[in-house]
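Peer 1: Dropping in start.txt, with compact mmCIF, C-alpha atoms and all ligand atoms.
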```txt
# COMPACT_ATOMS: atom_id res chain seq x y z
CA MET A 1 38.24 -20.09 23.01
CA ALA A 2 37.14 -19.30 19.45
CA ALA A 3 34.51 -16.89 20.78
CA LYS A 4 37.09 -15.21 22.96
CA GLU A 5 39.46 -14.77 19.99
CA ALA A 6 36.66 -13.35 17.91
CA ALA A 7 35.81 -10.83 20.65
CA VAL A 8 39.46 -9.79 20.90
CA GLY A 9 39.59 -9.47 17.09
CA ALA A 10 36.50 -7.29 17.12
CA GLU A 11 37.95 -5.10 19.85
CA GLN A 12 41.22 -4.59 17.95
CA ALA A 13 39.36 -3.86 14.75
CA LEU A 14 37.38 -1.12 16.50
CA ARG A 15 40.65 0.65 17.14
CA SER A 16 42.09 0.23 13.63
CA HIS A 17 39.17 -0.92 11.42
CA ILE A 18 41.47 -3.60 10.01
CA ILE A 19 39.37 -6.74 9.76
CA GLU A 20 40.72 -10.00 11.23
CA THR A 21 37.60 -12.22 11.15
CA GLN A 22 34.09 -12.22 9.66
CA GLU A 23 32.74 -11.54 13.16
CA ALA A 24 34.69 -8.27 13.26
CA VAL A 25 32.93 -6.79 10.25
CA THR A 26 29.72 -5.83 12.04
CA PRO A 27 31.19 -3.85 14.97
CA VAL A 28 33.60 -2.09 12.60
CA VAL A 29 30.82 -1.00 10.29
CA LEU A 30 28.67 0.11 13.24
CA ASP A 31 31.61 2.09 14.59
CA ALA A 32 32.22 3.75 11.22
CA MET A 33 28.57 4.76 11.06
CA SER A 34 28.24 5.93 14.63
CA ARG A 35 29.17 9.58 14.25
CA ALA A 36 26.52 10.91 11.88
CA PRO A 37 25.13 14.22 13.15
CA ASN A 38 21.64 12.91 12.40
CA ALA A 39 20.86 10.65 15.39
CA ARG A 40 17.90 9.01 13.67
CA LEU A 41 20.08 8.13 10.67
CA THR A 42 22.57 6.50 13.04
CA GLU A 43 19.81 4.54 14.78
CA VAL A 44 18.14 3.34 11.59
CA MET A 45 21.35 2.42 9.77
CA ALA A 46 22.83 0.65 12.80
CA SER A 47 19.76 -1.54 13.12
CA PHE A 48 19.69 -2.13 9.37
CA VAL A 49 23.34 -3.21 9.32
CA ARG A 50 22.91 -5.46 12.37
CA HIS A 51 19.92 -7.20 10.81
CA MET A 52 21.46 -7.49 7.33
CA HIS A 53 24.66 -8.96 8.71
CA ALA A 54 22.68 -11.33 10.96
CA PHE A 55 20.61 -12.37 7.94
CA ALA A 56 23.72 -13.20 5.88
CA ARG A 57 25.12 -15.26 8.76
CA ASP A 58 21.76 -16.92 9.45
CA VAL A 59 21.34 -18.29 5.90
CA ARG A 60 25.11 -18.46 5.22
CA LEU A 61 24.49 -16.40 2.10
CA THR A 62 26.48 -17.68 -0.88
CA GLU A 63 28.17 -15.34 -3.33
CA GLU A 64 25.84 -16.51 -6.11
CA GLU A 65 22.80 -15.69 -3.94
CA PHE A 66 24.28 -12.28 -3.10
CA GLU A 67 24.71 -11.57 -6.83
CA LEU A 68 21.13 -12.65 -7.48
CA GLY A 69 19.87 -10.29 -4.78
CA LEU A 70 21.86 -7.35 -6.14
CA ASP A 71 20.66 -8.10 -9.64
CA ALA A 72 17.06 -8.06 -8.40
CA LEU A 73 17.65 -4.68 -6.74
CA ASN A 74 19.07 -3.29 -9.98
CA ARG A 75 16.13 -4.64 -11.95
CA ILE A 76 13.67 -3.12 -9.45
CA GLY A 77 15.20 0.27 -10.21
CA GLN A 78 15.23 -0.30 -13.96
CA ALA A 79 11.57 -1.41 -13.94
CA THR A 80 10.47 1.79 -12.16
CA ASN A 81 9.23 4.68 -14.27
CA ASP A 82 6.59 7.43 -14.27
CA SER A 83 3.72 4.96 -14.55
CA HIS A 84 5.03 1.96 -12.61
CA ASN A 85 6.75 1.65 -9.23
CA GLU A 86 8.43 -1.74 -8.86
CA ALA A 87 10.04 -0.81 -5.52
CA VAL A 88 6.62 -0.25 -3.96
CA LEU A 89 5.36 -3.47 -5.51
CA PHE A 90 8.28 -5.55 -4.26
CA SER A 91 7.84 -4.17 -0.71
CA ASP A 92 4.15 -5.01 -0.99
CA VAL A 93 4.55 -8.67 -1.97
CA ILE A 94 6.94 -9.35 0.90
CA GLY A 95 4.47 -7.80 3.38
CA PHE A 96 6.85 -4.99 4.25
CA SER A 97 4.55 -2.17 3.13
CA THR A 98 1.66 -3.52 5.20
CA LEU A 99 3.92 -3.92 8.21
CA VAL A 100 5.11 -0.31 7.99
CA CYS A 101 1.53 0.87 7.41
CA LEU A 102 0.20 -0.93 10.50
CA LEU A 103 3.19 0.13 12.63
CA ASN A 104 2.43 3.77 11.86
CA ASN A 105 -1.35 3.78 12.07
CA GLY A 106 -4.06 2.61 14.44
CA GLN A 107 -1.91 3.24 17.52
CA ASN A 108 -4.64 5.04 19.40
CA GLY A 109 -6.84 2.13 20.31
CA ALA A 110 -9.58 1.19 17.91
CA THR A 111 -10.79 4.71 17.18
CA GLU A 112 -9.71 5.48 13.63
CA THR A 113 -10.54 3.41 10.58
CA ALA A 114 -7.75 0.93 9.89
CA ALA A 115 -5.24 2.20 7.37
CA ALA A 116 -4.31 0.18 4.29
CA LEU A 117 -1.71 0.49 1.57
CA LEU A 118 -1.69 3.52 -0.69
CA GLY A 119 -0.59 1.13 -3.44
CA PRO A 120 1.25 2.04 -6.61
CA PHE A 121 -1.73 3.50 -8.50
CA TRP A 122 -2.72 6.65 -6.60
CA ARG A 123 -2.51 9.79 -8.71
CA MET A 124 -2.67 13.35 -7.49
CA HIS A 125 -5.16 15.75 -9.03
CA SER A 126 -8.03 13.36 -9.59
CA PRO A 127 -11.06 15.31 -10.84
CA ALA A 128 -13.18 17.17 -8.28
CA THR A 129 -16.62 15.60 -8.58
CA PRO A 130 -19.91 16.86 -7.09
CA ASN A 131 -21.54 14.76 -4.42
CA GLY A 132 -23.77 12.14 -6.00
CA GLY A 133 -21.78 12.35 -9.26
CA SER A 134 -20.25 9.53 -11.24
CA ILE A 135 -16.59 8.56 -11.51
CA ILE A 136 -17.27 6.65 -14.72
CA ARG A 137 -15.57 8.82 -17.34
CA SER A 138 -15.65 6.43 -20.29
CA GLU A 139 -17.79 3.43 -21.11
CA THR A 140 -17.02 0.84 -18.42
CA PRO A 141 -19.24 -2.26 -18.61
CA GLY A 142 -20.03 -3.94 -15.29
CA PRO A 143 -22.52 -3.87 -12.41
CA ALA A 144 -23.38 -0.33 -11.28
CA LEU A 145 -22.27 0.60 -7.78
CA PHE A 146 -23.89 3.31 -5.66
CA ALA A 147 -21.67 4.32 -2.75
CA ASN A 148 -22.76 6.30 0.31
CA CYS A 149 -19.95 7.06 2.73
CA ARG A 150 -19.78 9.12 5.88
CA VAL A 151 -16.76 10.52 7.68
CA THR A 152 -16.97 11.01 11.45
CA ASP A 153 -14.64 11.80 14.31
CA PRO A 154 -13.98 9.16 16.99
CA ASP A 155 -17.12 10.33 18.88
CA GLY A 156 -19.29 9.72 15.85
CA ARG A 157 -19.71 13.41 15.00
CA PRO A 158 -19.76 14.13 11.25
CA ILE A 159 -16.73 15.88 9.79
CA ALA A 160 -17.68 18.32 7.04
CA GLY A 161 -15.21 19.49 4.39
CA VAL A 162 -13.08 16.34 4.18
CA GLU A 163 -11.60 15.85 0.72
CA VAL A 164 -12.14 12.20 -0.11
CA ASP A 165 -10.11 10.89 -3.01
CA VAL A 166 -11.49 7.66 -4.48
CA TRP A 167 -9.79 5.38 -7.00
CA GLN A 168 -10.41 1.84 -8.14
CA ALA A 169 -9.81 -0.74 -10.83
CA SER A 170 -12.45 -1.45 -13.46
CA PRO A 171 -14.66 -4.57 -13.54
CA VAL A 172 -11.92 -6.23 -15.63
CA GLY A 173 -9.33 -5.43 -12.97
CA LEU A 174 -7.37 -2.59 -14.59
CA TYR A 175 -6.67 0.94 -13.38
CA GLU A 176 -7.14 3.59 -16.07
CA ASN A 177 -3.40 4.22 -16.38
CA GLN A 178 -2.89 0.51 -17.20
CA ASP A 179 -5.62 0.40 -19.80
CA PRO A 180 -5.60 2.43 -23.05
CA GLY A 181 -9.33 1.67 -23.40
CA GLN A 182 -10.23 3.83 -20.39
CA ALA A 183 -10.41 7.63 -20.39
CA GLU A 184 -7.88 9.64 -18.44
CA MET A 185 -8.88 9.58 -14.74
CA ASN A 186 -11.66 7.01 -15.30
CA LEU A 187 -12.81 5.58 -11.93
CA ARG A 188 -11.04 8.31 -10.00
CA GLY A 189 -12.66 11.27 -8.29
CA LYS A 190 -12.36 13.70 -5.42
CA PHE A 191 -15.38 14.48 -3.25
CA THR A 192 -15.96 16.82 -0.33
CA THR A 193 -18.03 15.72 2.65
CA ASP A 194 -21.18 17.80 3.25
CA ALA A 195 -22.43 19.17 6.57
CA THR A 196 -23.49 15.64 7.60
CA GLY A 197 -20.04 14.21 6.76
CA CYS A 198 -21.40 12.38 3.73
CA ILE A 199 -20.26 11.77 0.18
CA ALA A 200 -22.08 9.74 -2.44
CA PHE A 201 -21.00 8.61 -5.86
CA ARG A 202 -21.79 6.26 -8.67
CA SER A 203 -19.24 3.82 -10.04
CA VAL A 204 -18.98 0.22 -11.17
CA LYS A 205 -18.27 -2.76 -8.93
CA PRO A 206 -14.49 -3.24 -9.02
CA ALA A 207 -12.90 -6.58 -9.80
CA GLY A 208 -9.85 -8.12 -8.20
CA TYR A 209 -6.71 -7.98 -10.27
CA PRO A 210 -3.26 -9.45 -10.54
CA VAL A 211 -0.43 -7.13 -9.56
CA PRO A 212 2.05 -6.60 -12.41
CA THR A 213 4.24 -9.69 -12.67
CA ASP A 214 6.71 -8.72 -15.40
CA GLY A 215 9.45 -7.62 -12.98
CA PRO A 216 11.32 -8.95 -9.94
CA ALA A 217 8.15 -9.01 -7.80
CA GLY A 218 6.55 -11.36 -10.34
CA ASP A 219 9.70 -13.52 -10.47
CA LEU A 220 9.49 -13.96 -6.71
CA LEU A 221 5.79 -14.85 -6.79
CA ARG A 222 6.38 -17.49 -9.46
CA ALA A 223 9.35 -18.97 -7.60
CA GLN A 224 7.17 -19.21 -4.48
CA GLN A 225 4.15 -20.61 -6.36
CA ARG A 226 1.96 -17.74 -5.16
CA HIS A 227 -0.97 -16.30 -7.09
CA PRO A 228 -0.63 -12.58 -7.96
CA TYR A 229 -4.19 -11.44 -7.08
CA ARG A 230 -5.52 -8.65 -4.94
CA PRO A 231 -9.16 -8.98 -3.87
CA ALA A 232 -11.46 -6.32 -5.37
CA HIS A 233 -11.40 -3.05 -3.45
CA LEU A 234 -11.94 0.69 -3.56
CA HIS A 235 -9.21 3.04 -2.39
CA PHE A 236 -9.98 6.07 -0.21
CA LEU A 237 -7.80 8.94 0.90
CA GLY A 238 -9.42 11.34 3.39
CA PHE A 239 -7.73 14.72 3.86
CA LYS A 240 -8.64 17.70 6.02
CA PRO A 241 -6.31 20.05 7.88
CA GLY A 242 -6.51 19.25 11.60
CA TYR A 243 -7.12 15.53 10.99
CA LYS A 244 -4.68 12.69 10.46
CA THR A 245 -4.85 11.81 6.77
CA LEU A 246 -6.66 8.51 6.30
CA ILE A 247 -5.39 6.21 3.56
CA THR A 248 -7.34 3.02 3.28
CA GLN A 249 -9.12 0.47 1.11
CA VAL A 250 -12.49 -1.25 1.45
CA PHE A 251 -12.72 -4.79 0.11
CA VAL A 252 -15.57 -6.42 -1.77
CA ASP A 253 -16.91 -9.15 0.50
CA ASP A 254 -17.60 -11.82 -2.14
CA ASP A 255 -14.11 -11.87 -3.67
CA GLN A 256 -12.43 -15.26 -3.97
CA HIS A 257 -9.04 -13.85 -2.95
CA LEU A 258 -10.21 -12.03 0.18
CA GLU A 259 -8.26 -14.44 2.40
CA SER A 260 -5.11 -14.60 0.29
CA ASP A 261 -4.34 -11.03 -0.80
CA VAL A 262 -0.93 -11.11 -2.51
CA VAL A 263 0.07 -7.93 -0.63
CA PHE A 264 -1.42 -8.92 2.78
CA GLY A 265 -3.59 -5.80 2.83
CA VAL A 266 -6.93 -7.11 4.12
CA THR A 267 -7.89 -6.08 7.66
CA ARG A 268 -11.16 -7.52 8.99
CA HIS A 269 -12.81 -4.12 9.54
CA LEU A 270 -12.08 -3.14 5.95
CA ILE A 271 -14.30 -5.84 4.45
CA GLY A 272 -17.26 -3.87 3.10
CA ASP A 273 -20.89 -4.77 2.81
CA PHE A 274 -21.75 -4.73 -0.90
CA ARG A 275 -25.47 -5.39 -1.19
CA LEU A 276 -27.07 -6.56 -4.42
CA GLY A 277 -29.85 -4.05 -5.12
CA THR A 278 -33.44 -5.14 -5.49
CA GLY A 279 -36.15 -3.27 -7.38
CA PRO A 280 -35.48 -0.18 -9.44
CA ALA A 281 -31.92 1.18 -9.28
CA PRO A 282 -31.33 4.71 -7.92
CA GLU A 283 -30.73 5.95 -11.48
CA PRO A 284 -32.98 5.06 -14.43
CA ASP A 285 -30.28 4.12 -16.99
CA VAL A 286 -28.96 1.15 -14.98
CA GLU A 287 -29.26 -2.16 -16.76
CA GLY A 288 -28.60 -5.49 -15.07
CA PRO A 289 -27.49 -6.08 -11.50
CA TRP A 290 -26.50 -3.15 -9.33
CA TYR A 291 -24.97 -2.84 -5.87
CA LEU A 292 -25.18 -0.57 -2.84
CA PHE A 293 -22.20 0.10 -0.67
CA ASP A 294 -22.27 2.08 2.61
CA TYR A 295 -19.29 2.74 4.80
CA VAL A 296 -18.41 4.96 7.76
CA PHE A 297 -14.83 6.21 8.01
CA VAL A 298 -13.47 7.51 11.30
CA MET A 299 -10.74 10.15 11.21
CA GLU A 300 -8.76 11.28 14.25
CA PRO A 301 -7.48 14.75 15.03
CA GLY A 302 -3.85 14.93 13.92
CA GLU A 303 -1.53 15.98 11.15
CA ALA A 304 -2.83 16.24 7.60
CA LYS A 305 -0.16 15.35 5.05
CA LEU A 306 -0.24 13.90 1.60
CA PRO A 307 2.05 11.06 0.54
CA ALA A 308 4.35 11.35 -2.45
CA PRO A 309 2.45 9.96 -5.44
CA PRO A 310 4.09 6.69 -6.56
CA ILE A 311 3.23 7.53 -10.19
CA ARG A 312 2.34 10.72 -12.08
C1 LIG B 1 -3.37 -1.46 -5.02
O1 LIG B 1 -4.17 -1.65 -4.17
O2 LIG B 1 -3.63 -0.66 -5.89
C2 LIG B 1 -2.09 -2.21 -5.00
C3 LIG B 1 -1.45 -2.39 -3.81
C4 LIG B 1 -0.27 -3.09 -3.79
C5 LIG B 1 0.24 -3.62 -4.96
C6 LIG B 1 -0.42 -3.46 -6.16
C7 LIG B 1 -1.62 -2.75 -6.17
FE FE B 2 -5.77 -1.17 -5.76
```
Kindly transcribe the structure held in the file into structure tokens.
Peer 2:
Amino acid sequence: MAAKEAAVGAEQALRSHIIETQEAVTPVVLDAMSRAPNARLTEVMASFVRHMHAFARDVRLTEEEFELGLDALNRIGQATNDSHNEAVLFSDVIGFSTLVCLLNNGQNGATETAAALLGPFWRMHSPATPNGGSIIRSETPGPALFANCRVTDPDGRPIAGVEVDVWQASPVGLYENQDPGQAEMNLRGKFTTDATGCIAFRSVKPAGYPVPTDGPAGDLLRAQQRHPYRPAHLHFLGFKPGYKTLITQVFVDDDQHLESDVVFGVTRHLIGDFRLGTGPAPEPDVEGPWYLFDYVFVMEPGEAKLPAPPIR
């Protein structure tokens, strides 16, 4: 009987939009939103409203919890500025960014290299660097890393002329824009694949790092007793007109947080092979241990487009 009354209430409300019961709210809102000229907007917002309303009913959201949630949203906005994007970070630590990334990439079988998060630290206009050059732009202590990467199409043919943007954290786990001790654009560089699809560069072995925890994302991690670490990785963005832009990361295989990335970004194929070098290093000034890293990226034909940079 109660269900029948609720259904009648919902039906009446659709005519007048006057709410009789909590059950009536959802169909009324969906009705109010159903006439947008943009069909995709209608589809996305209808699903969003259905899921949000179902979520509130599912957990019987209290008014105090609702206020807490709104406060967190406000603080996410307030914590976002030119050099930090808390909205991206919050989406990352709840696995939403990785979900959207995997939903939108790797659809065509196993041909292209798995995509991974752009993350909040990509900057446009990283310095063009000649093949074989170094992305160390200020003194950065740590094991030297010599990277040799190749970009091919799904049939294994080299793709020449791909712009490959590389960025990484330092061996103490900080990106240059987080660390006043590093030069502008340190550990960032843009390379162009040669006729054999190859790029090579010198860097330092990156370290894992905690994501920033001074905002709502950090509050959530603490409340859930989760560590804030990402395993060490290098970021790559491959761009060439005619090919689907590849945004990915390759992870250092000996990192202690490889299996518990705070942002759920590790895909098995993206675990790299970082080999400790033996004998003389490729360059004479190297002191101490050094590493070699080789990787083959596969790009598919498709649309080349750059994401909006999360920071300047
Ligand atoms: C990153 O890989 O740079 C990153 C990704 C998600 C959150 C924080 C950092
Ligand atoms: Fe990163």
Peer 1: Could you tell me how far CA of Ser134 in chain A lies from CA of Val164 in chain A, in Å and to one decimal?
Peer 2: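 CA of Val164 in chain A lies at a distance of 14.0 Å from CA of Ser134 in chain A.
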Peer 1: Which residues are close to Asp214 in chain A, i.e. within 12 Å by all atoms listed in the file, leaving aside same-chain residues fewer than 2 positions away? Reply as a list in words.
Peer 2: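 Here the qualifying residues turn out to be Arg75, Ile76, Ala79, Thr80, His84, Glu86, Leu89, Phe90, Pro210, Val211, Pro212, Pro216, Ala217, Gly218, Asp219, Leu220, Leu221, Arg222 and Pro228 of chain A.
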Peer 1: Would you mind listing what lies within 8 Å of range 275-281 of chain A as a count of residues only, with only C-alpha atoms counted and same-chain residues fewer than 6 positions away left out?
Peer 2: 5
Peer 1: Report the distance between CA of Gly161 in chain A and CA of His235 in chain A in Å, rounded to one decimal place.
Peer 2: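 Separating CA of Gly161 in chain A from CA of His235 in chain A is a distance of 18.8 Å.
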Peer 1: Show me, as JSON lines, the residues of range 158-261 of chain A having an atom within 8 Å of range 99-118 of chain A, each with the closest atom pair and its distance in Å, using all atoms listed in the file.
Peer 2:
```
{"residue": "A:His235", "atom": "CA", "partner": "A:Leu118", "partner_atom": "CA", "distance": 7.7}
{"residue": "A:Leu246", "atom": "CA", "partner": "A:Ala115", "partner_atom": "CA", "distance": 6.6}
{"residue": "A:Ile247", "atom": "CA", "partner": "A:Ala115", "partner_atom": "CA", "distance": 5.5}
{"residue": "A:Thr248", "atom": "CA", "partner": "A:Ala116", "partner_atom": "CA", "distance": 4.3}
{"residue": "A:Gln249", "atom": "CA", "partner": "A:Ala116", "partner_atom": "CA", "distance": 5.8}
```
Peer 1: Expressed in Å to a single decimal, how great is the separation between CA of Leu270 in chain A and CA of Ala232 in chain A?
Peer 2: 11.8 Å
Peer 1: Using all atoms listed in the file, find each protein or nucleic acid residue lying at most 6 Å from ligand LIG 1 (chain B); present the set as a ChimeraX atom specification.
Peer 2: /A:89,92,119-121,211,263
Peer 1: Write a file of the just-selected residues containing C-alpha atoms, as a PDB file, in the frame of the given file.
Peer 2:
```
ATOM      1  CA  LEU A  89       5.360  -3.470  -5.510  1.00  0.00           C
ATOM      2  CA  ASP A  92       4.150  -5.010  -0.990  1.00  0.00           C
ATOM      3  CA  GLY A 119      -0.590   1.130  -3.440  1.00  0.00           C
ATOM      4  CA  PRO A 120       1.250   2.040  -6.610  1.00  0.00           C
ATOM      5  CA  PHE A 121      -1.730   3.500  -8.500  1.00  0.00           C
ATOM      6  CA  VAL A 211      -0.430  -7.130  -9.560  1.00  0.00           C
ATOM      7  CA  VAL A 263       0.070  -7.930  -0.630  1.00  0.00           C
TER       8      VAL A 263
END
```
Peer 1: Counting all atoms listed in the file, what is within 9 Å of Met124 in chain A, bar same-chain residues fewer than 4 positions away, as a list in words?
Peer 2: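 Surrounding residues, per the criterion: Ala308, Pro309, Ile311 and Arg312 of chain A.
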Peer 1: Write the residues of the selection above to a file with C-alpha atoms, as an mmCIF file, in the frame of the given file.
Peer 2:
```
data_model
loop_
_atom_site.group_PDB
_atom_site.id
_atom_site.type_symbol
_atom_site.label_atom_id
_atom_site.label_comp_id
_atom_site.auth_asym_id
_atom_site.auth_seq_id
_atom_site.Cartn_x
_atom_site.Cartn_y
_atom_site.Cartn_z
ATOM 1 C CA ALA A 308 4.350 11.350 -2.450
ATOM 2 C CA PRO A 309 2.450 9.960 -5.440
ATOM 3 C CA ILE A 311 3.230 7.530 -10.190
ATOM 4 C CA ARG A 312 2.340 10.720 -12.080
#
```
